[in-house]
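Visitor: Take a look at structure.tsv, TSV, C-alpha atoms and all ligand atoms:
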chain	number	residue	atom	x	y	z
A	1	MET	CA	-59.50	-10.32	-71.47
A	2	ILE	CA	-62.05	-9.22	-74.05
A	3	ILE	CA	-65.70	-9.30	-72.95
A	4	ALA	CA	-67.94	-9.85	-75.98
A	5	ARG	CA	-71.67	-9.37	-75.44
A	6	THR	CA	-72.85	-9.54	-79.04
A	7	VAL	CA	-72.20	-11.83	-82.00
A	8	LEU	CA	-70.48	-8.95	-83.78
A	9	GLU	CA	-68.15	-8.32	-80.84
A	10	LEU	CA	-67.38	-12.03	-80.51
A	11	ARG	CA	-66.57	-12.38	-84.23
A	12	ALA	CA	-64.39	-9.25	-84.19
A	13	SER	CA	-62.42	-10.47	-81.17
A	14	LEU	CA	-62.00	-13.97	-82.64
A	15	ASP	CA	-60.79	-12.46	-85.94
A	16	SER	CA	-58.25	-10.30	-84.12
A	17	GLN	CA	-56.37	-13.36	-82.81
A	18	THR	CA	-54.90	-16.50	-84.39
A	19	GLY	CA	-54.21	-20.11	-83.33
A	20	SER	CA	-56.24	-22.96	-81.86
A	21	VAL	CA	-59.29	-22.14	-79.76
A	22	GLY	CA	-60.24	-24.01	-76.58
A	23	PHE	CA	-63.84	-23.35	-75.59
A	24	VAL	CA	-65.54	-23.82	-72.21
A	25	PRO	CA	-69.31	-23.21	-72.25
A	26	THR	CA	-70.82	-22.51	-68.81
A	27	MET	CA	-73.87	-21.08	-67.11
A	28	GLY	CA	-71.74	-19.02	-64.73
A	29	ALA	CA	-71.59	-19.04	-60.91
A	30	LEU	CA	-68.12	-20.38	-61.62
A	31	HIS	CA	-66.42	-22.78	-59.20
A	32	ILE	CA	-63.25	-24.86	-59.18
A	33	GLY	CA	-64.87	-27.44	-61.49
A	34	HIS	CA	-65.27	-24.75	-64.16
A	35	ARG	CA	-61.78	-23.47	-63.46
A	36	THR	CA	-60.36	-26.94	-64.02
A	37	LEU	CA	-62.00	-27.03	-67.47
A	38	ILE	CA	-60.60	-23.57	-68.23
A	39	GLU	CA	-57.10	-24.58	-67.07
A	40	LYS	CA	-57.18	-27.67	-69.28
A	41	ALA	CA	-58.32	-25.55	-72.23
A	42	ARG	CA	-55.55	-23.04	-71.40
A	43	SER	CA	-52.87	-25.76	-71.42
A	44	GLU	CA	-53.99	-27.30	-74.74
A	45	ASN	CA	-54.80	-24.27	-76.90
A	46	ASP	CA	-53.41	-20.93	-78.07
A	47	ARG	CA	-56.57	-19.09	-77.03
A	48	VAL	CA	-59.33	-19.76	-74.54
A	49	VAL	CA	-62.94	-18.68	-74.95
A	50	VAL	CA	-65.43	-19.07	-72.10
A	51	SER	CA	-69.15	-18.42	-72.47
A	52	ILE	CA	-71.48	-17.58	-69.62
A	53	PHE	CA	-75.11	-17.97	-70.62
A	54	VAL	CA	-77.97	-19.26	-68.49
A	55	ASN	CA	-79.77	-21.01	-71.33
A	56	PRO	CA	-83.55	-20.75	-70.88
A	57	THR	CA	-84.41	-23.56	-73.33
A	58	GLN	CA	-82.82	-26.24	-71.14
A	59	PHE	CA	-84.93	-25.34	-68.10
A	60	LEU	CA	-88.39	-26.87	-67.82
A	61	ALA	CA	-91.38	-24.90	-66.57
A	62	GLY	CA	-91.15	-24.74	-62.77
A	63	GLU	CA	-87.37	-25.28	-62.66
A	64	ASP	CA	-84.90	-22.79	-61.20
A	65	LEU	CA	-84.27	-20.55	-64.26
A	66	SER	CA	-85.20	-17.28	-62.54
A	67	LYS	CA	-83.29	-18.07	-59.36
A	68	TYR	CA	-80.31	-19.79	-60.96
A	69	PRO	CA	-77.26	-18.16	-59.25
A	70	ARG	CA	-75.81	-15.22	-61.16
A	71	ARG	CA	-72.42	-13.82	-60.12
A	72	GLU	CA	-71.32	-11.54	-62.92
A	73	GLU	CA	-68.56	-9.65	-61.16
A	74	ALA	CA	-66.94	-12.66	-59.48
A	75	ASP	CA	-67.21	-14.71	-62.69
A	76	PHE	CA	-65.47	-12.02	-64.75
A	77	LYS	CA	-62.65	-11.90	-62.21
A	78	ILE	CA	-62.26	-15.71	-62.17
A	79	CYS	CA	-62.08	-15.77	-65.98
A	80	GLU	CA	-59.54	-12.97	-66.05
A	81	LEU	CA	-57.35	-14.63	-63.40
A	82	SER	CA	-57.62	-17.99	-65.21
A	83	GLY	CA	-56.12	-16.52	-68.37
A	84	VAL	CA	-59.29	-16.47	-70.48
A	85	ASP	CA	-58.77	-14.50	-73.71
A	86	ILE	CA	-62.40	-13.92	-74.66
A	87	LEU	CA	-65.45	-14.09	-72.43
A	88	PHE	CA	-68.69	-14.39	-74.40
A	89	TYR	CA	-71.54	-13.05	-72.28
A	90	PRO	CA	-74.64	-12.80	-74.46
A	91	ASP	CA	-78.21	-12.04	-73.43
A	92	VAL	CA	-81.16	-14.20	-74.43
A	93	SER	CA	-82.14	-12.03	-77.43
A	94	THR	CA	-78.61	-12.43	-78.84
A	95	MET	CA	-78.88	-16.21	-78.71
A	96	TYR	CA	-82.52	-16.80	-79.69
A	97	GLY	CA	-85.08	-15.40	-82.12
A	98	LYS	CA	-88.70	-16.41	-82.68
A	99	ASP	CA	-89.89	-19.72	-84.14
A	100	GLU	CA	-86.42	-21.17	-84.61
A	101	VAL	CA	-85.00	-24.42	-85.93
A	102	SER	CA	-83.73	-26.48	-83.01
A	103	ILE	CA	-81.87	-29.70	-82.28
A	104	LYS	CA	-83.71	-32.67	-80.84
A	105	GLY	CA	-81.90	-35.27	-78.74
A	106	PRO	CA	-81.94	-38.92	-79.85
A	107	ASP	CA	-85.27	-40.64	-79.12
A	108	VAL	CA	-83.89	-43.06	-76.54
A	109	ARG	CA	-80.67	-41.65	-75.13
A	110	GLY	CA	-82.05	-38.12	-75.00
A	111	TYR	CA	-85.12	-39.17	-73.01
A	112	ILE	CA	-83.83	-41.61	-70.39
A	113	LEU	CA	-82.36	-40.78	-66.96
A	114	GLU	CA	-81.89	-36.97	-66.95
A	115	GLY	CA	-84.02	-36.79	-70.10
A	116	ALA	CA	-86.83	-38.72	-68.39
A	117	SER	CA	-86.70	-36.59	-65.26
A	118	ARG	CA	-86.41	-33.41	-67.35
A	119	PRO	CA	-88.10	-34.09	-70.73
A	120	GLY	CA	-86.80	-31.69	-73.38
A	121	HIS	CA	-83.84	-30.60	-71.26
A	122	PHE	CA	-81.28	-32.08	-73.65
A	123	ASP	CA	-83.00	-30.58	-76.71
A	124	GLY	CA	-82.28	-27.19	-75.14
A	125	VAL	CA	-78.73	-28.15	-74.20
A	126	LEU	CA	-77.90	-29.49	-77.66
A	127	THR	CA	-79.45	-26.48	-79.39
A	128	VAL	CA	-77.49	-23.94	-77.38
A	129	VAL	CA	-74.24	-25.92	-77.61
A	130	MET	CA	-74.64	-26.14	-81.40
A	131	LYS	CA	-75.18	-22.36	-81.55
A	132	LEU	CA	-72.19	-21.67	-79.30
A	133	LEU	CA	-69.87	-24.07	-81.14
A	134	ASN	CA	-70.80	-22.47	-84.47
A	135	LEU	CA	-70.18	-19.00	-83.06
A	136	VAL	CA	-66.89	-19.74	-81.34
A	137	ARG	CA	-65.48	-22.06	-84.08
A	138	ALA	CA	-63.59	-23.91	-81.36
A	139	THR	CA	-60.79	-26.37	-82.09
A	140	ARG	CA	-61.59	-28.16	-78.82
A	141	ALA	CA	-64.55	-27.83	-76.45
A	142	TYR	CA	-64.39	-28.94	-72.82
A	143	PHE	CA	-67.21	-30.58	-70.87
A	144	GLY	CA	-67.36	-32.14	-67.41
A	145	LYS	CA	-67.96	-35.85	-66.79
A	146	LYS	CA	-70.14	-34.63	-63.91
A	147	ASP	CA	-72.85	-34.17	-66.56
A	148	ALA	CA	-72.15	-37.55	-68.11
A	149	GLN	CA	-75.27	-37.88	-70.25
A	150	GLN	CA	-74.88	-34.32	-71.53
A	151	LEU	CA	-71.25	-35.02	-72.45
A	152	SER	CA	-72.26	-38.22	-74.23
A	153	LEU	CA	-75.03	-36.51	-76.22
A	154	ILE	CA	-72.83	-33.55	-77.20
A	155	THR	CA	-70.13	-35.97	-78.38
A	156	GLN	CA	-72.78	-37.80	-80.40
A	157	MET	CA	-74.10	-34.53	-81.87
A	158	ALA	CA	-70.60	-33.55	-82.99
A	159	GLN	CA	-70.28	-36.94	-84.73
A	160	ASN	CA	-73.79	-37.02	-86.21
A	161	PHE	CA	-73.45	-33.50	-87.66
A	162	PHE	CA	-69.84	-34.06	-88.87
A	163	MET	CA	-68.62	-31.14	-86.78
A	164	SER	CA	-64.87	-30.58	-86.76
A	165	VAL	CA	-64.64	-29.64	-83.06
A	166	GLU	CA	-62.96	-32.11	-80.71
A	167	ILE	CA	-65.04	-32.76	-77.57
A	168	ILE	CA	-62.83	-33.21	-74.49
A	169	ALA	CA	-64.11	-34.87	-71.28
A	170	VAL	CA	-62.85	-33.56	-67.94
A	171	ASP	CA	-62.97	-35.48	-64.63
A	172	THR	CA	-65.38	-34.36	-61.92
A	173	VAL	CA	-63.91	-32.01	-59.35
A	174	ARG	CA	-65.03	-32.64	-55.76
A	175	GLU	CA	-64.84	-31.00	-52.35
A	176	LYS	CA	-62.48	-32.74	-49.90
A	177	ASP	CA	-65.45	-34.60	-48.38
A	178	GLY	CA	-66.54	-35.96	-51.77
A	179	LEU	CA	-69.37	-33.60	-52.73
A	180	ALA	CA	-69.20	-32.91	-56.46
A	181	LEU	CA	-68.86	-29.17	-57.09
A	182	SER	CA	-71.97	-27.65	-58.63
A	183	SER	CA	-73.34	-24.13	-59.01
A	184	ARG	CA	-76.52	-25.49	-57.40
A	185	ASN	CA	-74.67	-26.37	-54.15
A	186	VAL	CA	-75.32	-22.78	-53.00
A	187	TYR	CA	-78.99	-23.78	-52.55
A	188	LEU	CA	-78.04	-26.36	-49.87
A	189	SER	CA	-78.64	-25.59	-46.21
A	190	GLU	CA	-76.15	-26.96	-43.68
A	191	ILE	CA	-78.33	-30.04	-43.07
A	192	ASP	CA	-78.90	-30.49	-46.82
A	193	ARG	CA	-75.16	-30.40	-47.36
A	194	THR	CA	-74.62	-33.33	-44.99
A	195	ASP	CA	-77.43	-35.24	-46.73
A	196	ALA	CA	-75.93	-34.40	-50.12
A	197	LEU	CA	-72.80	-36.37	-49.18
A	198	LYS	CA	-74.91	-39.52	-49.51
A	199	LEU	CA	-74.67	-39.23	-53.30
A	200	SER	CA	-70.86	-39.39	-53.43
A	201	ALA	CA	-70.83	-41.91	-50.55
A	202	SER	CA	-73.09	-44.27	-52.52
A	203	LEU	CA	-70.83	-43.97	-55.58
A	204	LYS	CA	-67.75	-44.55	-53.46
A	205	GLN	CA	-69.33	-47.72	-52.11
A	206	ALA	CA	-70.18	-48.81	-55.67
A	207	THR	CA	-66.51	-48.41	-56.60
A	208	HIS	CA	-65.50	-50.30	-53.46
A	209	LEU	CA	-67.84	-53.20	-54.30
A	210	VAL	CA	-66.47	-53.40	-57.83
A	211	MET	CA	-62.91	-53.37	-56.49
A	212	GLN	CA	-63.91	-56.30	-54.27
A	213	GLY	CA	-65.06	-58.21	-57.34
A	214	VAL	CA	-68.83	-57.57	-57.31
A	215	ARG	CA	-70.13	-57.20	-60.88
A	216	GLU	CA	-73.93	-57.64	-60.62
A	217	THR	CA	-75.46	-54.21	-61.16
A	218	ASN	CA	-78.64	-55.18	-59.21
A	219	GLU	CA	-76.56	-55.82	-56.13
A	220	ILE	CA	-74.62	-52.55	-56.49
A	221	GLN	CA	-77.87	-50.59	-57.01
A	222	ARG	CA	-79.41	-52.22	-53.92
A	223	VAL	CA	-76.47	-51.20	-51.72
A	224	MET	CA	-76.44	-47.67	-53.17
A	225	LEU	CA	-80.16	-47.20	-52.54
A	226	SER	CA	-79.74	-48.21	-48.92
A	227	ILE	CA	-76.97	-45.62	-48.48
A	228	LEU	CA	-79.11	-42.96	-50.17
A	229	GLN	CA	-81.99	-43.42	-47.68
A	230	PRO	CA	-84.00	-41.32	-46.83
A	231	LEU	CA	-83.31	-39.02	-49.79
A	232	ASN	CA	-85.86	-38.67	-52.55
A	233	VAL	CA	-83.96	-40.71	-55.17
A	234	GLU	CA	-84.91	-40.15	-58.82
A	235	TYR	CA	-82.67	-42.84	-60.21
A	236	VAL	CA	-79.67	-45.02	-59.57
A	237	ALA	CA	-78.50	-46.35	-62.92
A	238	ILE	CA	-75.62	-48.44	-64.15
A	239	VAL	CA	-74.99	-48.16	-67.88
A	240	ASN	CA	-72.29	-48.66	-70.45
A	241	ARG	CA	-70.65	-45.70	-72.22
A	242	ARG	CA	-73.51	-45.74	-74.78
A	243	PHE	CA	-75.94	-45.32	-71.90
A	244	GLU	CA	-77.48	-48.78	-72.29
A	245	ALA	CA	-78.53	-50.53	-69.07
A	246	ILE	CA	-76.23	-53.43	-68.19
A	247	SER	CA	-76.56	-56.36	-65.80
A	248	GLU	CA	-72.82	-56.70	-65.11
A	249	VAL	CA	-70.15	-54.06	-64.66
A	250	VAL	CA	-67.46	-54.09	-67.34
A	251	ILE	CA	-64.39	-52.21	-66.19
A	252	GLY	CA	-63.54	-49.48	-68.71
A	253	ASP	CA	-67.09	-49.34	-70.08
A	254	THR	CA	-69.36	-48.54	-67.15
A	255	ILE	CA	-70.88	-45.39	-65.64
A	256	VAL	CA	-72.79	-45.46	-62.35
A	257	LEU	CA	-75.17	-42.52	-62.02
A	258	VAL	CA	-77.38	-41.12	-59.31
A	259	ALA	CA	-79.93	-38.30	-59.18
A	260	ALA	CA	-81.69	-37.30	-55.97
A	261	ARG	CA	-83.46	-34.41	-54.36
A	262	VAL	CA	-81.84	-33.03	-51.23
A	263	GLY	CA	-84.40	-30.72	-49.67
A	264	THR	CA	-85.65	-28.82	-52.70
A	265	THR	CA	-82.39	-29.10	-54.61
A	266	ARG	CA	-81.94	-31.68	-57.33
A	267	LEU	CA	-78.39	-33.08	-57.46
A	268	ILE	CA	-76.67	-35.49	-59.82
A	269	ASP	CA	-73.39	-37.32	-59.58
A	270	ASN	CA	-71.67	-40.29	-61.22
A	271	VAL	CA	-68.54	-42.36	-61.35
A	272	TRP	CA	-66.86	-43.79	-64.46
A	273	MET	CA	-65.42	-47.30	-64.10
A	301	LIG	P1	-72.62	-25.53	-65.93
A	301	LIG	O1	-72.16	-24.12	-65.69
A	301	LIG	O2	-73.18	-26.17	-64.70
A	301	LIG	O3	-73.50	-25.64	-67.15
A	301	LIG	O4	-71.30	-26.35	-66.25
A	301	LIG	C1	-70.42	-25.97	-67.27
A	301	LIG	C2	-69.44	-27.10	-67.52
A	301	LIG	O5	-68.73	-27.37	-66.31
A	301	LIG	C3	-70.14	-28.40	-67.91
A	301	LIG	O6	-69.39	-29.04	-68.93
A	301	LIG	C4	-70.12	-29.20	-66.63
A	301	LIG	O7	-70.13	-30.59	-66.83
A	301	LIG	C5	-68.81	-28.75	-66.03
A	301	LIG	N1	-68.78	-28.99	-64.58
A	301	LIG	C6	-69.72	-28.62	-63.68
A	301	LIG	N2	-69.40	-29.06	-62.44
A	301	LIG	C7	-68.23	-29.72	-62.58
A	301	LIG	C8	-67.36	-30.42	-61.67
A	301	LIG	N3	-67.64	-30.51	-60.38
A	301	LIG	N4	-66.24	-30.97	-62.16
A	301	LIG	C9	-65.94	-30.89	-63.48
A	301	LIG	N5	-66.70	-30.25	-64.39
A	301	LIG	C10	-67.82	-29.67	-63.95
Just give me the structure of the file as structure tokens.
Ligand code: AMP

Guide:
Amino acid sequence: MIIARTVLELRASLDSQTGSVGFVPTMGALHIGHRTLIEKARSENDRVVVSIFVNPTQFLAGEDLSKYPRREEADFKICELSGVDILFYPDVSTMYGKDEVSIKGPDVRGYILEGASRPGHFDGVLTVVMKLLNLVRATRAYFGKKDAQQLSLITQMAQNFFMSVEIIAVDTVREKDGLALSSRNVYLSEIDRTDALKLSASLKQATHLVMQGVRETNEIQRVMLSILQPLNVEYVAIVNRRFEAISEVVIGDTIVLVAARVGTTRLIDNVWM
């Protein structure tokens, strides 16, 4: 595995190999969710590039940028064992200069749900993903459905900017008890972790209701909110794949999303129907 820390090193290592490139951008503290993305990239491409970069522009003031988990040694090992060809591991000065051009999310879809709770977050995400995709020149790039709104906006950016990369969605990987894997789970105390299960439990119940024939989104939201008690819920939303609010679930075109604070940790989860 080649570790490239600069743009020059990345370009040289990309030029030294041929074939399709599968790219998995991450912020590190790698877990089985990330590994699943890497494995999918491995199985569909000649080469796999992973980036690890804790992108400062997607964190708002007061968020966990400085304490975001960093696990350099373990991450390098995971990448190596997962068959990654090139690991791009830049520092902030490699990725950003002063007074730069940046990408802004769409006025509505970039500023609802996650974008409302974290205004400007997606502008930072889209800007860094654009930079990374241009650097890596990926054939395919892999993103988790766990970050459903992010995935949707990146797919839209690739279309709006006529980018040739194919954006691939990967199912959410969960612990046995249902908790969606996340680098932020390390912040959870033992009690928090039990509380955190309410997110996946509420989504499971939403799926159950839909399987029983319930379609009214108000009713599903009401039941979910009762399961989520007494967490500090930021939103429970039921939208179509374009992230428009809907009053009735349409199978094949619905995403149910939840965001809540568990202790001091903000968690998100969703289910695609
Ligand atoms: P992050 O390092 O949190 O920025 O995540 C990097 C990529 O991994 C993103 O595309 C995430 O959506 C994806 N990801 C994170 N957690 C999971 C999970 N539990 N299952 C599947 N993909 C995930």

Visitor: Give me, as a Markdown table, the closest atom pair and its distance (Å, one decimal) for every residue of chain A within a cut-off of 6 Å of ligand LIG 301 (chain A), counting only C-alpha atoms and all ligand atoms, rows sorted by chain and rising number.

Guide:
| residue | atom | partner | partner_atom | distance |
| --- | --- | --- | --- | --- |
| A:Pro25 | CA | A:LIG301 | C1 | 5.8 |
| A:Thr26 | CA | A:LIG301 | O1 | 3.8 |
| A:Met27 | CA | A:LIG301 | O1 | 3.8 |
| A:Gly28 | CA | A:LIG301 | O1 | 5.2 |
| A:Gly33 | CA | A:LIG301 | N4 | 3.8 |
| A:His34 | CA | A:LIG301 | O5 | 4.8 |
| A:Phe143 | CA | A:LIG301 | O6 | 3.3 |
| A:Gly144 | CA | A:LIG301 | O7 | 3.2 |
| A:Lys145 | CA | A:LIG301 | O7 | 5.7 |
| A:Lys146 | CA | A:LIG301 | O7 | 5.0 |
| A:Asp147 | CA | A:LIG301 | O7 | 4.5 |
| A:Asp171 | CA | A:LIG301 | C9 | 5.6 |
| A:Thr172 | CA | A:LIG301 | N4 | 3.5 |
| A:Val173 | CA | A:LIG301 | N4 | 3.8 |
| A:Arg174 | CA | A:LIG301 | N3 | 5.7 |
| A:Ala180 | CA | A:LIG301 | N3 | 4.9 |
| A:Leu181 | CA | A:LIG301 | N3 | 3.8 |
| A:Ser182 | CA | A:LIG301 | N2 | 4.8 |

Visitor: Could you list, as a VMD selection string, every residue within 8 Å of stretch 136-140 of chain A, counting all atoms listed in the file and ignoring same-chain residues fewer than 2 positions away?

Guide: chain A and resid 10 to 11 14 20 to 23 41 49 132 to 134 142 164 to 168

Visitor: Measuring between only C-alpha atoms, which one of A:Pro69, A:Gly83, A:Pro106, A:Pro230 shows the shortest distance to A:Met1?

Guide: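 Among the listed residues, A:Gly83 lies closest to A:Met1.
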
Visitor: I'd like to know which of A:Ile227, A:Val186, A:Ile268, A:Met273 is closest to A:Val249, using all atoms listed in the file.

Guide: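 Of A:Ile227, A:Val186, A:Ile268, A:Met273, the one nearest A:Val249 is A:Met273, counting all atoms listed in the file.
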
Visitor: Looking at only C-alpha atoms, which of A:Cys79, A:Tyr111, A:Val239, A:Gln17 is the one that sits closest to A:Asp46?

Guide: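 That would be A:Gln17, the residue with the smallest distance to A:Asp46.
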
Visitor: Tell me which protein, DNA and RNA residues are within 7 Å of A:Asn270, counting only C-alpha atoms, leaving out same-chain ones fewer than 5 positions away, and put them as a PyMOL selection string.

Guide: chain A and resi 146+203+255-258

Visitor: Which one of A:Arg109, A:Ser102, A:Ile86, A:Ser117 sits closest to A:Ser152 if you count only C-alpha atoms?

Guide: A:Arg109

Visitor: Applying 9 Å and only C-alpha atoms, which residues near A:Asp75 remain after dropping the ones on its own chain fewer than 4 positions away? List them as a list of chain:residue names.

Guide: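 Returned residues: A:Gly28, A:Ala29, A:Leu30, A:His31, A:Ile52, A:Arg70, A:Arg71, A:Cys79, A:Glu80.
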
Visitor: Produce a file of the selected residues containing C-alpha atoms, as a short mmCIF file (atom, residue, chain, number, x, y, z; two decimals), in the coordinates of the input.

Guide:
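File result.cif, as written:
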data_model
loop_
_atom_site.label_atom_id
_atom_site.label_comp_id
_atom_site.auth_asym_id
_atom_site.auth_seq_id
_atom_site.Cartn_x
_atom_site.Cartn_y
_atom_site.Cartn_z
CA GLY A 28 -71.74 -19.02 -64.73
CA ALA A 29 -71.59 -19.04 -60.91
CA LEU A 30 -68.12 -20.38 -61.62
CA HIS A 31 -66.42 -22.78 -59.20
CA ILE A 52 -71.48 -17.58 -69.62
CA ARG A 70 -75.81 -15.22 -61.16
CA ARG A 71 -72.42 -13.82 -60.12
CA CYS A 79 -62.08 -15.77 -65.98
CA GLU A 80 -59.54 -12.97 -66.05
#

Visitor: Start from the incomplete input, build N, CA and C atoms for stretch 185-208 of chain A, and deliver everything as a compact mmCIF listing (two decimals), keeping the file's coordinate frame.

Guide:
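What ended up in rebuild_35.txt:
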# COMPACT_ATOMS: atom_id res chain seq x y z
N ASN A 185 -74.97 -26.09 -55.56
CA ASN A 185 -74.67 -26.37 -54.15
C ASN A 185 -74.98 -25.18 -53.26
N VAL A 186 -75.02 -23.97 -53.83
CA VAL A 186 -75.32 -22.78 -53.00
C VAL A 186 -76.75 -22.84 -52.45
N TYR A 187 -77.61 -23.66 -53.06
CA TYR A 187 -78.99 -23.78 -52.55
C TYR A 187 -79.05 -24.61 -51.27
N LEU A 188 -77.97 -25.38 -50.96
CA LEU A 188 -78.04 -26.36 -49.87
C LEU A 188 -77.90 -25.69 -48.50
N SER A 189 -78.80 -26.02 -47.60
CA SER A 189 -78.64 -25.59 -46.21
C SER A 189 -77.56 -26.47 -45.57
N GLU A 190 -77.21 -26.17 -44.32
CA GLU A 190 -76.15 -26.96 -43.68
C GLU A 190 -76.57 -28.44 -43.56
N ILE A 191 -77.84 -28.65 -43.20
CA ILE A 191 -78.33 -30.04 -43.07
C ILE A 191 -78.37 -30.70 -44.44
N ASP A 192 -78.86 -29.95 -45.44
CA ASP A 192 -78.90 -30.49 -46.82
C ASP A 192 -77.51 -30.95 -47.26
N ARG A 193 -76.52 -30.12 -46.89
CA ARG A 193 -75.16 -30.40 -47.36
C ARG A 193 -74.66 -31.74 -46.83
N THR A 194 -74.99 -32.03 -45.58
CA THR A 194 -74.62 -33.33 -44.99
C THR A 194 -75.35 -34.45 -45.73
N ASP A 195 -76.65 -34.23 -45.99
CA ASP A 195 -77.43 -35.24 -46.73
C ASP A 195 -76.86 -35.46 -48.13
N ALA A 196 -76.41 -34.34 -48.73
CA ALA A 196 -75.93 -34.40 -50.12
C ALA A 196 -74.72 -35.32 -50.25
N LEU A 197 -73.99 -35.50 -49.15
CA LEU A 197 -72.80 -36.37 -49.18
C LEU A 197 -73.18 -37.83 -49.45
N LYS A 198 -74.48 -38.15 -49.26
CA LYS A 198 -74.91 -39.52 -49.51
C LYS A 198 -74.73 -39.89 -50.99
N LEU A 199 -74.83 -38.91 -51.87
CA LEU A 199 -74.67 -39.23 -53.30
C LEU A 199 -73.25 -39.75 -53.56
N SER A 200 -72.24 -38.95 -53.16
CA SER A 200 -70.86 -39.39 -53.43
C SER A 200 -70.52 -40.62 -52.60
N ALA A 201 -71.10 -40.73 -51.38
CA ALA A 201 -70.83 -41.91 -50.55
C ALA A 201 -71.35 -43.18 -51.24
N SER A 202 -72.53 -43.08 -51.85
CA SER A 202 -73.09 -44.27 -52.52
C SER A 202 -72.23 -44.67 -53.72
N LEU A 203 -71.68 -43.67 -54.41
CA LEU A 203 -70.83 -43.97 -55.58
C LEU A 203 -69.48 -44.55 -55.13
N LYS A 204 -69.01 -44.04 -54.00
CA LYS A 204 -67.75 -44.55 -53.46
C LYS A 204 -67.91 -46.02 -53.09
N GLN A 205 -69.06 -46.34 -52.50
CA GLN A 205 -69.33 -47.72 -52.11
C GLN A 205 -69.46 -48.61 -53.35
N ALA A 206 -70.07 -48.05 -54.41
CA ALA A 206 -70.18 -48.81 -55.67
C ALA A 206 -68.78 -49.15 -56.19
N THR A 207 -67.89 -48.18 -56.15
CA THR A 207 -66.51 -48.41 -56.60
C THR A 207 -65.85 -49.48 -55.72
N HIS A 208 -66.08 -49.36 -54.41
CA HIS A 208 -65.50 -50.30 -53.46
C HIS A 208 -65.98 -51.73 -53.77
